[in-house]
Amino acid sequence: MIDGTSAFLEGVVRTATPLAFAALGETVTERSGIINIGLEGSIIAGALGAVVGAGYGGVWAGFAFAAVCGCAVAAIFALFAVTLRADQIISGTAVTLLALGGTGTLYRILYGSAGAALNTPTLDPMPIPLLSRTPVVGRALFVQPSITYVLYVLVPVVMWWTYRTHAGLGLRAIGENPAAAIAAGIRAKKVQFLAVLFGGLLGGISGGTLVLAQAGTFVEGMSAGRGFIAIAIVVLGRWNPLGAALAALLFGAASALQFFFQATGSNLPYQLFLAFPYVLTLVALAATHGRTNSPAALGRQDFEQS
Amino acid sequence: MTETMAFVVDMLVHATPLVITGLAVALAFRAGVWNIGADGQFIAGATAAAWVGVSAPAGIGWLALIIALIAGVVAGAIWAAIAAWLRSRFGVLEVISTIMLNFIATYGASFLVRGPLQEPTHVYPQTSGIVSGAHMPILLDGTRLHWGFVIAVALAVIAWWVMKYSATGFRVRASGVNPFAARSAGLIDVSRVTAFAFVASGAIAGMAGAIEVSGVTFALYENISPGYGYTAIAVALLAGLNPLGVIGTGILFGALETAAGAMQRNIGIPSTTASVIEAIVILAVIAIAQLRADRVTTSA
């Protein structure tokens, strides 16, 4: 039973990692008042980028290229949503469609029309001395691929940056009261553009994690709605970086249940477990009703331009 | 049948679900509802229609078709109503909820065709064939073109008339253009109107699913929708959310998908290219609209 629990917790952290990366980036994006529904596109582009990059220069080149690809997709979104001030929902949906179709097309062009399984090197779990021997959660938290540890560092850094730096204050000001922020001399469009790019960068790493720390291969549509779940996680985490990381763990648990029940030989239909994270998203969004503190200007496109 | 004729038939068969789901999306968007869930509503409609079509007694004849279509409409409406309820009661952004419901519908259909609704031999992940009474009549003898296409066009014309000339249409448009003004005018219960438009949108998408099952597939499969609900967004936007325009853009995208399929078979261009083109169309439309709006404001 101890082994089962430990394996389950390990699975929770493993499945939460890509969600947390994406949600952390989207938290910063949304703090600037922009909601990037195209995040899913950055994740799938990151996944394909990871395969290509890893093929050239190994795992870390894979992550670097994943980040670049995620950023590139986000740049397309930013061009429409920030520069042109087009509707964010429509722009984001189009960018997702573009990236899902584009990655499928590119993958078939690069690796053959059958989409033959292409295996990439993956990160091995890297135990952290001493910490990994912590009872119960030690293995789950500290015997993970090294990219997970990057996340452990990134969450507090983003937290500190958002709440304790001048630039972070500017970012939040635009999301709350763009007119006042612009009057105070903040270049709203530039900050929003960069915030979207940062979200895309982490979205790309999220996709890279799926390939380079988990699947070891690219499958069309493998992002499987994680971008949208990440957006829900941002709401659950109340637009707070630490909150996003914790909410990602909750969803990691929902997904990991699947492996847990498979391992215990349960004969419940597997589709039930596949659908569970999406059901949980709906329930969680409904449950947090009225207790959120979203940036006041989130999703708006009608304010004075700088 | 000539090759051109075959292409036209294929194009119209492909266009049918696109026109109807495009109509569903256009109606919702007009009311200010971001229904990204036409795909899930389509699957819900297809599932309900297949269930009726499989279990209907052969004796009732064409009544099976009518009941199957109604079942599809109701199922699509219910699937949309979940998101509408989550929005009005809990303020859940429908962009997220409808996408979640798309995934839930996909896995739900997958469960049904591998479980309770699977064909008796339990070999294929699909239902049995629907009874012949539930088949949509063929429009053009000797082809696959069925009456669903006529229904699609008729629906578009009706939707156009309702939107343009009826009081309901006015309320829907007013709620979409400026919900605050519509509310302050005191004549329009905006939340009721948007909920109505949301559910009506789902009902139409559900009908598209029912028509696909009764006219084309005659059974429920695991991936009954190759993403019609997402293509529908491009169809609706390119038509400028005009129901009559949806007929044209739906046929255009039907042609695109038929051509994409043919290109994949003949010269190996991946069929996923179609969604890339769709996305570029959406982006081009919003860029043009946005640049034009900018010019108006700067020249004013």
# chains A, B, ... in the order shown; residues from 1 in each chain; ligands from 1
call {"tool": "interface_residues", "arguments": {"of": "chain B", "to": "chain A", "cutoff": "6 Å", "atoms": "only C-alpha atoms", "output": "ChimeraX atom specification"}}
result
/B:90,100,104,107,111,270,272-273,275-276,279
call {"tool": "residues_around", "arguments": {"residues": "Ala15 of chain B", "least_positions_apart": "5", "cutoff": "8 Å", "atoms": "only C-alpha atoms", "output": "number ranges by chain"}}
result
B: 149, 250-255
call {"tool": "closest_residue", "arguments": {"among": "A:Arg226, A:Lys189, A:Arg139, A:Arg238", "to": "Gly33 of chain A", "atoms": "only C-alpha atoms"}}
result
A:Lys189
call {"tool": "residues_around", "arguments": {"residues": "Ile20 of chain B", "least_positions_apart": "2", "cutoff": "12 Å", "atoms": "only C-alpha atoms", "output": "count of residues only"}}
result
58
call {"tool": "select_by_dssp", "arguments": {"residues": "segment 109-261 of chain A", "states": "strand (DSSP E)", "output": "NGL selection string"}}
result
:A and (126-127 or 143-144)
call {"tool": "select_by_dssp", "arguments": {"residues": "segment 100-272 of chain B", "states": "helix (DSSP H, G or I)", "output": "mmCIF file with C-alpha atoms, in the first residue's frame"}}
result
data_model
loop_
_atom_site.group_PDB
_atom_site.id
_atom_site.type_symbol
_atom_site.label_atom_id
_atom_site.label_comp_id
_atom_site.auth_asym_id
_atom_site.auth_seq_id
_atom_site.Cartn_x
_atom_site.Cartn_y
_atom_site.Cartn_z
ATOM 1 C CA MET B 100 -14.099 20.687 -21.750
ATOM 2 C CA LEU B 101 -17.546 19.429 -22.839
ATOM 3 C CA ASN B 102 -16.082 18.614 -26.276
ATOM 4 C CA PHE B 103 -13.548 16.285 -24.664
ATOM 5 C CA ILE B 104 -16.164 14.783 -22.361
ATOM 6 C CA ALA B 105 -18.460 14.124 -25.355
ATOM 7 C CA THR B 106 -15.605 12.517 -27.294
ATOM 8 C CA TYR B 107 -14.711 10.151 -24.439
ATOM 9 C CA GLY B 108 -18.405 9.585 -23.705
ATOM 10 C CA ALA B 109 -19.074 8.474 -27.284
ATOM 11 C CA SER B 110 -15.923 6.354 -27.167
ATOM 12 C CA PHE B 111 -17.192 4.651 -24.011
ATOM 13 C CA LEU B 112 -20.625 4.005 -25.564
ATOM 14 C CA VAL B 113 -19.348 2.483 -28.811
ATOM 15 C CA ARG B 114 -16.957 0.245 -26.851
ATOM 16 C CA SER B 132 -33.481 1.687 -42.786
ATOM 17 C CA GLY B 133 -36.398 3.876 -41.666
ATOM 18 C CA ALA B 134 -33.892 6.208 -40.026
ATOM 19 C CA GLY B 148 -29.610 16.802 -45.316
ATOM 20 C CA PHE B 149 -28.077 19.347 -47.656
ATOM 21 C CA VAL B 150 -31.509 20.789 -48.439
ATOM 22 C CA ILE B 151 -32.296 20.893 -44.728
ATOM 23 C CA ALA B 152 -29.022 22.759 -44.147
ATOM 24 C CA VAL B 153 -29.852 25.397 -46.723
ATOM 25 C CA ALA B 154 -33.427 25.727 -45.437
ATOM 26 C CA LEU B 155 -32.170 26.124 -41.865
ATOM 27 C CA ALA B 156 -29.814 28.872 -42.995
ATOM 28 C CA VAL B 157 -32.598 30.749 -44.755
ATOM 29 C CA ILE B 158 -34.887 30.430 -41.733
ATOM 30 C CA ALA B 159 -32.122 31.604 -39.393
ATOM 31 C CA TRP B 160 -31.421 34.552 -41.680
ATOM 32 C CA TRP B 161 -35.079 35.561 -41.703
ATOM 33 C CA VAL B 162 -35.423 35.202 -37.932
ATOM 34 C CA MET B 163 -32.284 37.226 -37.284
ATOM 35 C CA LYS B 164 -33.182 39.975 -39.711
ATOM 36 C CA TYR B 165 -36.917 40.412 -39.355
ATOM 37 C CA ALA B 167 -38.278 40.472 -32.660
ATOM 38 C CA THR B 168 -36.287 37.514 -31.313
ATOM 39 C CA GLY B 169 -33.619 38.193 -33.904
ATOM 40 C CA PHE B 170 -33.467 41.829 -32.891
ATOM 41 C CA ARG B 171 -33.052 40.909 -29.230
ATOM 42 C CA VAL B 172 -30.293 38.432 -30.052
ATOM 43 C CA ARG B 173 -28.416 40.959 -32.171
ATOM 44 C CA ALA B 174 -28.861 43.747 -29.632
ATOM 45 C CA SER B 175 -27.608 41.532 -26.802
ATOM 46 C CA GLY B 176 -24.549 40.610 -28.819
ATOM 47 C CA VAL B 177 -23.638 44.081 -30.035
ATOM 48 C CA PRO B 179 -25.289 43.905 -23.752
ATOM 49 C CA PHE B 180 -25.133 46.971 -21.490
ATOM 50 C CA ALA B 181 -27.183 49.154 -23.800
ATOM 51 C CA ALA B 182 -29.647 46.318 -24.411
ATOM 52 C CA ARG B 183 -30.042 45.873 -20.662
ATOM 53 C CA SER B 184 -30.359 49.567 -19.902
ATOM 54 C CA VAL B 190 -29.997 39.884 -21.876
ATOM 55 C CA SER B 191 -29.133 36.816 -19.823
ATOM 56 C CA ARG B 192 -32.292 35.070 -20.990
ATOM 57 C CA VAL B 193 -31.668 35.971 -24.615
ATOM 58 C CA THR B 194 -28.044 34.771 -24.517
ATOM 59 C CA ALA B 195 -29.066 31.537 -22.791
ATOM 60 C CA PHE B 196 -31.701 31.021 -25.472
ATOM 61 C CA ALA B 197 -29.179 31.653 -28.259
ATOM 62 C CA PHE B 198 -26.699 29.280 -26.590
ATOM 63 C CA VAL B 199 -29.201 26.438 -26.344
ATOM 64 C CA ALA B 200 -30.554 27.076 -29.861
ATOM 65 C CA SER B 201 -26.970 26.971 -31.134
ATOM 66 C CA GLY B 202 -26.463 23.600 -29.446
ATOM 67 C CA ALA B 203 -29.742 22.300 -30.850
ATOM 68 C CA ILE B 204 -28.625 23.185 -34.377
ATOM 69 C CA ALA B 205 -25.196 21.589 -33.900
ATOM 70 C CA GLY B 206 -26.923 18.491 -32.477
ATOM 71 C CA MET B 207 -29.096 18.340 -35.574
ATOM 72 C CA ALA B 208 -25.949 18.398 -37.705
ATOM 73 C CA GLY B 209 -24.753 15.311 -35.832
ATOM 74 C CA ALA B 210 -28.090 13.558 -36.282
ATOM 75 C CA ILE B 211 -28.112 14.350 -40.010
ATOM 76 C CA GLU B 212 -24.549 13.043 -40.397
ATOM 77 C CA VAL B 213 -25.530 9.729 -38.787
ATOM 78 C CA SER B 214 -28.803 9.366 -40.717
ATOM 79 C CA GLY B 215 -27.382 10.542 -44.053
ATOM 80 C CA VAL B 216 -23.738 9.506 -44.211
ATOM 81 C CA THR B 217 -22.343 7.143 -41.580
ATOM 82 C CA TYR B 228 -16.518 19.945 -37.584
ATOM 83 C CA GLY B 229 -17.195 22.191 -34.612
ATOM 84 C CA TYR B 230 -13.826 23.889 -34.976
ATOM 85 C CA THR B 231 -14.065 24.268 -38.743
ATOM 86 C CA ALA B 232 -17.503 25.745 -38.074
ATOM 87 C CA ILE B 233 -15.815 28.721 -36.394
ATOM 88 C CA ALA B 234 -13.949 29.518 -39.610
ATOM 89 C CA VAL B 235 -17.125 28.957 -41.636
ATOM 90 C CA ALA B 236 -19.096 31.360 -39.427
ATOM 91 C CA LEU B 237 -16.431 34.063 -39.246
ATOM 92 C CA LEU B 238 -15.687 34.031 -42.962
ATOM 93 C CA PRO B 243 -26.625 32.872 -41.888
ATOM 94 C CA LEU B 244 -27.008 33.171 -45.676
ATOM 95 C CA GLY B 245 -23.261 33.647 -46.041
ATOM 96 C CA VAL B 246 -22.723 30.445 -44.096
ATOM 97 C CA ILE B 247 -24.197 28.477 -47.019
ATOM 98 C CA GLY B 248 -21.452 29.781 -49.289
ATOM 99 C CA THR B 249 -18.564 29.479 -46.840
ATOM 100 C CA GLY B 250 -19.767 26.028 -45.757
ATOM 101 C CA ILE B 251 -19.659 24.846 -49.364
ATOM 102 C CA LEU B 252 -16.254 26.475 -49.812
ATOM 103 C CA PHE B 253 -14.868 24.594 -46.820
ATOM 104 C CA GLY B 254 -16.611 21.426 -48.018
ATOM 105 C CA ALA B 255 -14.659 21.827 -51.249
ATOM 106 C CA LEU B 256 -11.476 22.481 -49.295
ATOM 107 C CA GLU B 257 -11.873 19.314 -47.211
ATOM 108 C CA THR B 258 -12.768 17.223 -50.259
ATOM 109 C CA ALA B 259 -9.727 18.569 -52.068
ATOM 110 C CA ALA B 260 -7.535 18.010 -49.006
ATOM 111 C CA GLY B 261 -8.670 14.385 -48.864
ATOM 112 C CA ALA B 262 -7.959 13.927 -52.575
ATOM 113 C CA MET B 263 -4.560 15.602 -52.297
ATOM 114 C CA GLN B 264 -3.586 13.305 -49.459
ATOM 115 C CA ARG B 265 -4.562 10.243 -51.500
ATOM 116 C CA ASN B 266 -2.981 11.432 -54.742
ATOM 117 C CA ILE B 267 0.075 13.505 -53.960
#
call {"tool": "closest_residue", "arguments": {"among": "B:Leu145, B:Glu119, B:Trp34, B:Ile286", "to": "Val92 of chain B", "atoms": "only C-alpha atoms"}}
result
B:Trp34
call {"tool": "closest_residue", "arguments": {"among": "B:Ile280, B:Ala6, B:Ala46, B:Leu12", "to": "Leu139 of chain B", "atoms": "only C-alpha atoms"}}
result
B:Leu12
call {"tool": "atom_distance", "arguments": {"atom1": "atom CA of Phe198 of chain A", "atom2": "atom CA of Phe142 of chain A"}}
result
26.5 Å
call {"tool": "atom_distance", "arguments": {"atom1": "atom CA of Ala173 of chain A", "atom2": "atom CA of Ser32 of chain A"}}
result
7.6 Å
call {"tool": "atom_distance", "arguments": {"atom1": "atom CA of Pro57 of chain B", "atom2": "atom CA of Gly45 of chain B"}}
result
20.0 Å
call {"tool": "closest_residue", "arguments": {"among": "A:Thr209, A:Gly200, A:Leu171, A:Thr264", "to": "Arg31 of chain A", "atoms": "only C-alpha atoms"}}
result
A:Leu171
call {"tool": "residues_around", "arguments": {"residues": "segment 3-19 of chain A", "least_positions_apart": "5", "cutoff": "9 Å", "atoms": "only C-alpha atoms", "output": "PyMOL selection string"}}
result
chain A and resi 24+43+136-141+143-145+147-148+151+203+205-210+213-214+226-227+229-230+233+245+247-257+259-260+263-264
call {"tool": "decode", "arguments": {"residues": "segment 158-282 of chain A", "atoms": "C-alpha atoms", "output": "tab-separated table (two decimals), in the first residue's frame"}}
result
chain	number	residue	atom	x	y	z
A	158	VAL	CA	7.90	34.55	-10.83
A	159	MET	CA	6.08	35.12	-7.54
A	160	TRP	CA	8.79	37.50	-6.35
A	161	TRP	CA	8.97	39.24	-9.73
A	162	THR	CA	5.21	39.77	-9.94
A	163	TYR	CA	4.70	41.13	-6.45
A	164	ARG	CA	8.03	42.63	-5.45
A	165	THR	CA	9.52	44.34	-8.50
A	166	HIS	CA	8.73	47.55	-10.28
A	167	ALA	CA	8.20	45.71	-13.56
A	168	GLY	CA	5.83	43.26	-11.89
A	169	LEU	CA	3.83	46.15	-10.50
A	170	GLY	CA	3.59	47.61	-14.02
A	171	LEU	CA	2.36	44.29	-15.36
A	172	ARG	CA	-0.36	44.02	-12.75
A	173	ALA	CA	-1.33	47.69	-13.18
A	174	ILE	CA	-2.13	47.15	-16.87
A	175	GLY	CA	-4.32	44.18	-16.08
A	176	GLU	CA	-6.17	46.08	-13.37
A	177	ASN	CA	-6.47	49.60	-14.71
A	178	PRO	CA	-4.95	50.09	-18.14
A	179	ALA	CA	-5.93	53.75	-18.45
A	180	ALA	CA	-4.19	54.64	-15.20
A	181	ALA	CA	-1.17	52.49	-16.06
A	182	ILE	CA	-0.78	54.19	-19.43
A	183	ALA	CA	-1.18	57.60	-17.81
A	184	ALA	CA	1.64	56.60	-15.46
A	185	GLY	CA	3.87	56.09	-18.49
A	186	ILE	CA	3.73	52.29	-18.82
A	187	ARG	CA	3.87	51.13	-22.43
A	188	ALA	CA	0.88	48.83	-22.28
A	189	LYS	CA	1.20	47.11	-25.64
A	190	LYS	CA	4.89	46.35	-25.16
A	191	VAL	CA	4.34	44.87	-21.70
A	192	GLN	CA	1.36	42.82	-22.89
A	193	PHE	CA	3.30	41.55	-25.91
A	194	LEU	CA	6.16	40.43	-23.67
A	195	ALA	CA	3.73	38.86	-21.19
A	196	VAL	CA	2.17	36.83	-24.00
A	197	LEU	CA	5.62	35.77	-25.21
A	198	PHE	CA	6.57	34.66	-21.70
A	199	GLY	CA	3.36	32.62	-21.51
A	200	GLY	CA	4.19	31.06	-24.88
A	201	LEU	CA	7.73	30.27	-23.77
A	202	LEU	CA	6.49	28.34	-20.74
A	203	GLY	CA	3.73	26.79	-22.88
A	204	GLY	CA	6.46	25.53	-25.22
A	205	ILE	CA	8.40	24.08	-22.28
A	206	SER	CA	5.16	22.46	-21.14
A	207	GLY	CA	4.91	20.71	-24.51
A	208	GLY	CA	8.61	19.87	-24.32
A	209	THR	CA	8.04	18.22	-20.95
A	210	LEU	CA	5.31	16.01	-22.44
A	211	VAL	CA	7.80	14.72	-25.00
A	212	LEU	CA	11.17	14.84	-23.27
A	213	ALA	CA	10.21	13.87	-19.72
A	214	GLN	CA	7.22	11.66	-20.42
A	215	ALA	CA	6.12	10.25	-23.78
A	216	GLY	CA	9.49	10.16	-25.54
A	217	THR	CA	7.71	10.71	-28.83
A	218	PHE	CA	5.38	13.12	-30.63
A	219	VAL	CA	1.75	12.26	-31.31
A	220	GLU	CA	-0.59	14.55	-33.25
A	221	GLY	CA	-2.83	16.45	-30.87
A	222	MET	CA	-0.93	15.15	-27.83
A	223	SER	CA	-1.51	18.45	-26.00
A	224	ALA	CA	-5.06	17.06	-25.55
A	225	GLY	CA	-6.63	20.22	-24.16
A	226	ARG	CA	-3.92	20.86	-21.54
A	227	GLY	CA	-3.79	24.50	-22.64
A	228	PHE	CA	-7.43	24.93	-21.76
A	229	ILE	CA	-7.07	23.05	-18.50
A	230	ALA	CA	-4.10	25.33	-17.70
A	231	ILE	CA	-6.33	28.37	-18.24
A	232	ALA	CA	-8.81	26.89	-15.78
A	233	ILE	CA	-5.91	26.27	-13.38
A	234	VAL	CA	-5.02	29.97	-13.55
A	235	VAL	CA	-8.55	30.79	-12.40
A	236	LEU	CA	-8.35	28.20	-9.62
A	237	GLY	CA	-4.96	29.51	-8.56
A	238	ARG	CA	-6.50	32.97	-8.40
A	239	TRP	CA	-3.96	34.51	-10.78
A	240	ASN	CA	-1.23	33.73	-8.29
A	241	PRO	CA	1.90	31.77	-9.40
A	242	LEU	CA	1.98	29.58	-6.28
A	243	GLY	CA	-1.76	29.07	-6.50
A	244	ALA	CA	-1.35	27.92	-10.11
A	245	ALA	CA	1.29	25.37	-9.10
A	246	LEU	CA	-0.94	23.98	-6.34
A	247	ALA	CA	-4.00	23.84	-8.61
A	248	ALA	CA	-1.87	21.98	-11.18
A	249	LEU	CA	-1.18	19.33	-8.52
A	250	LEU	CA	-4.92	18.86	-8.07
A	251	PHE	CA	-5.29	18.18	-11.77
A	252	GLY	CA	-2.23	15.97	-11.77
A	253	ALA	CA	-4.03	13.92	-9.14
A	254	ALA	CA	-7.15	13.69	-11.31
A	255	SER	CA	-5.12	12.36	-14.23
A	256	ALA	CA	-2.94	10.07	-12.15
A	257	LEU	CA	-6.03	8.33	-10.74
A	258	GLN	CA	-6.23	6.65	-14.12
A	259	PHE	CA	-2.90	4.85	-13.65
A	260	PHE	CA	-3.74	4.11	-10.05
A	261	PHE	CA	-6.98	2.35	-10.94
A	262	GLN	CA	-5.38	0.54	-13.86
A	263	ALA	CA	-2.69	-0.75	-11.52
A	264	THR	CA	-5.27	-1.98	-9.03
A	265	GLY	CA	-6.99	-3.94	-11.80
A	266	SER	CA	-10.27	-2.03	-11.54
A	267	ASN	CA	-12.69	-2.78	-14.36
A	268	LEU	CA	-14.19	0.69	-14.54
A	269	PRO	CA	-14.16	1.91	-18.15
A	270	TYR	CA	-10.92	3.76	-18.92
A	271	GLN	CA	-12.76	6.55	-20.77
A	272	LEU	CA	-14.18	7.55	-17.42
A	273	PHE	CA	-10.68	8.38	-16.21
A	274	LEU	CA	-9.72	10.09	-19.45
A	275	ALA	CA	-12.77	12.34	-19.11
A	276	PHE	CA	-12.26	12.98	-15.40
A	277	PRO	CA	-9.81	15.94	-15.62
A	278	TYR	CA	-12.20	17.76	-17.95
A	279	VAL	CA	-15.15	17.15	-15.64
A	280	LEU	CA	-13.02	18.28	-12.71
A	281	THR	CA	-12.18	21.49	-14.60
A	282	LEU	CA	-15.88	22.30	-14.94
